[in-house]
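Here is the structure we will look at.
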Amino acid sequence: MYRDIPLEEAVAILMKYTKPIGFDEIDIIDALGRVLNENIITSFSLPPFNRSPLDGYAVIAEDTISASKEQPILLRVNQNIFAGDLPLRPIVSGEAAAIATGAPIPPGANAVIKIEDTQLVEDNVLLFSQLKPGDNFINQGDDVPAGEQILSKGMLITPAVIGLLASLGRKTVKVFKRPKVAALSIGDELVGIDEPRAPGKIYNSNLYAISAQITEAGGVPVPYRNTVDDKNQIAFLLDSCLQENDMVITTGGVSVGKRDYVKESITLSGANTLFWKVNIKPGTPVVCGEKNGRLIVGLSGNPAAAMITFYMLIRPVLQKISGLQQVNLPHVTAIMEEPFTKKSKQRRMMRANVYWKNGYYHAVPSGTQSPGALKSMLQCNALIDIPGGKGPLNIGEEVKVILLSPNYIL
């Protein structure tokens, strides 16, 4: 078992036990936020024909030479083409076709004049501006040519991806299975939110915060009711959870107190302990075990510490299991707008609000930095990564910042 290891080493250890768990084929309307498990190659061009981007008249650009409001050009209108129609005939010199946005451009035409620059006169149209070949003309395949690999396995499915799939006539798509992740909180002091809170007790907020983070990271949370500080009961629950889920995350019971039993319970459950304690603050007392290729990760019971270590340690693992290729949160440089007076021997992840102004990111610490202070996470959209032994931080100083998940992004 490793102990007091750097964050990057802990992530690397977990990644050794991380692999996708299969795929589903689902309707594209349900695919938002899932990860693509196939390469998508276009079977036809987008758009599939030359089309007009606006309402107007399809013309031959050479017919419009010297056209102006003072000296308009007169062309005969030979047809009306609406979206969904096919042209009835080609365009020849001296002719124009009335055309709607999105309609196919008839053969022979090489430009479209917008309707605001024309005037219809019975079966003819007056043109008040000059065009060049290709003006207001969208070519077949301008967006996507036929045979192009437009989407790749491992991409996150966004609304734009769904729109593209629909434009290709795809009703279903293959996606990676989402890992089932058991979430449980440990501690005699915890009560469920549906129970009365007696003196000395607290509501089990970690269960819901961590479950939400599991969902955001691409997993399926399976919340369990909190369990008391009993090592045999915890060990039994860990083993049961591993049999029914792909991963187990616990909060509480991981430090050095007399009733902190999670590390011992991992051993009692038959799992192999991989490491205990990661050199970051808050959230140092992280413990990780493995059994039959499935991970148990025990986080601090302090709410903010649990959420921060989830971001830094568990989120990339879940995203990789979910099939995502890019799992790292973005890093930027920001300028401190308020001082931070403390110095820490350990590497510190400081909650912050980061914003963009005048060409730079600016960082402001978000409230108290206590590991149990959940309110400080409300306005936290980033973590300032402070190396061990560094500090205090002064106004105007440049710092390394980790931008948090899309729900918190700038």
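Chain identifiers are assigned as A, B, and so on, following the order in which chains appear in the structure tokens; residues are numbered from 1 within each chain, and ligands are numbered from 1 in order of appearance.
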
Find the residues near Ile113 in chain A: any atom within 7 Å, counting only C-alpha atoms, skip ones fewer than 3 places away on the same chain, and give them as a ChimeraX atom specification. /A:56-58,117

Hey, which bits of range 182-219 of chain A sit within 10 Å of range 245-266 of chain A, and for each residue what's the closest pair of atoms and how far apart in Å (one decimal), counting only C-alpha atoms, rows by chain and increasing number, as a tab-separated table?
```
residue	atom	partner	partner_atom	distance
A:Ala182	CA	A:Val248	CA	4.6
A:Ala183	CA	A:Ile249	CA	5.1
A:Leu184	CA	A:Thr250	CA	4.9
A:Ser185	CA	A:Thr251	CA	4.8
A:Ile186	CA	A:Gly252	CA	5.2
A:Gly187	CA	A:Gly252	CA	6.5
A:Asp188	CA	A:Arg259	CA	9.4
A:Asn206	CA	A:Thr251	CA	7.0
A:Leu207	CA	A:Thr251	CA	8.0
A:Ile210	CA	A:Ile249	CA	8.4
A:Ser211	CA	A:Ile249	CA	9.4
A:Ile214	CA	A:Ile249	CA	9.5
A:Gly219	CA	A:Asp246	CA	9.7
```

Identify, on the basis of only C-alpha atoms, every residue whose closest approach to Ala209 in chain A does not exceed 10 Å; exclude the query and any residue fewer than 3 positions from it along the same chain; express the result as number ranges by chain. A: 204-206, 212-214, 303-304, 306-307, 374

Emit the selected residues as a compact mmCIF listing (two decimals), in the first residue's frame, including N, CA and C atoms.
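Output file part_26.txt is given in full below:
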```txt
# COMPACT_ATOMS: atom_id res chain seq x y z
N ASN A 204 -27.42 14.00 6.05
CA ASN A 204 -26.43 13.37 5.18
C ASN A 204 -26.38 14.08 3.83
N SER A 205 -25.72 15.24 3.80
CA SER A 205 -25.64 16.02 2.55
C SER A 205 -24.67 15.40 1.56
N ASN A 206 -23.62 14.75 2.05
CA ASN A 206 -22.61 14.19 1.15
C ASN A 206 -23.21 13.21 0.15
N ALA A 212 -24.71 13.70 -7.21
CA ALA A 212 -24.81 14.67 -8.30
C ALA A 212 -23.50 14.75 -9.07
N GLN A 213 -22.36 14.69 -8.36
CA GLN A 213 -21.07 14.71 -9.06
C GLN A 213 -20.87 13.46 -9.90
N ILE A 214 -21.35 12.33 -9.43
CA ILE A 214 -21.27 11.10 -10.22
C ILE A 214 -22.03 11.27 -11.53
N PRO A 303 -17.73 18.03 3.79
CA PRO A 303 -18.41 18.19 2.50
C PRO A 303 -17.56 18.83 1.41
N ALA A 304 -16.91 19.95 1.68
CA ALA A 304 -16.12 20.60 0.63
C ALA A 304 -14.92 19.75 0.26
N ALA A 306 -14.69 16.52 0.37
CA ALA A 306 -15.16 15.38 -0.43
C ALA A 306 -15.40 15.80 -1.88
N MET A 307 -16.04 16.96 -2.07
CA MET A 307 -16.34 17.40 -3.43
C MET A 307 -15.06 17.72 -4.20
N LEU A 374 -19.48 23.98 3.08
CA LEU A 374 -20.15 23.68 1.82
C LEU A 374 -20.58 24.96 1.09
```

When DSSP is applied to the backbone of this structure, which of range 266-382 of chain A are assigned helix (DSSP H, G or I)? Write them out as a PyMOL selection string. chain A and resi 266-268+303-321+375-377

Produce a file of the selected residues containing C-alpha atoms, as a compact mmCIF listing (two decimals), in the first residue's frame.
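Below is the file that was written, out26.txt:
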```txt
# COMPACT_ATOMS: atom_id res chain seq x y z
CA ILE A 266 -11.61 -2.39 2.92
CA THR A 267 -9.22 -5.11 4.06
CA LEU A 268 -12.01 -7.01 5.88
CA PRO A 303 -18.41 18.19 2.50
CA ALA A 304 -16.12 20.60 0.63
CA ALA A 305 -13.12 18.28 0.96
CA ALA A 306 -15.16 15.38 -0.43
CA MET A 307 -16.34 17.40 -3.43
CA ILE A 308 -12.86 18.75 -4.22
CA THR A 309 -11.16 15.36 -4.03
CA PHE A 310 -13.94 13.94 -6.19
CA TYR A 311 -13.14 16.53 -8.87
CA MET A 312 -9.42 15.89 -8.76
CA LEU A 313 -9.32 12.13 -8.21
CA ILE A 314 -12.56 10.40 -9.16
CA ARG A 315 -14.03 12.52 -11.96
CA PRO A 316 -11.29 11.68 -14.51
CA VAL A 317 -11.62 7.99 -13.66
CA LEU A 318 -15.39 7.96 -14.18
CA GLN A 319 -15.06 9.91 -17.41
CA LYS A 320 -12.55 7.40 -18.75
CA ILE A 321 -14.82 4.49 -17.79
CA LYS A 375 -21.35 27.26 1.23
CA SER A 376 -17.96 28.14 -0.28
CA MET A 377 -18.69 25.69 -3.13
```
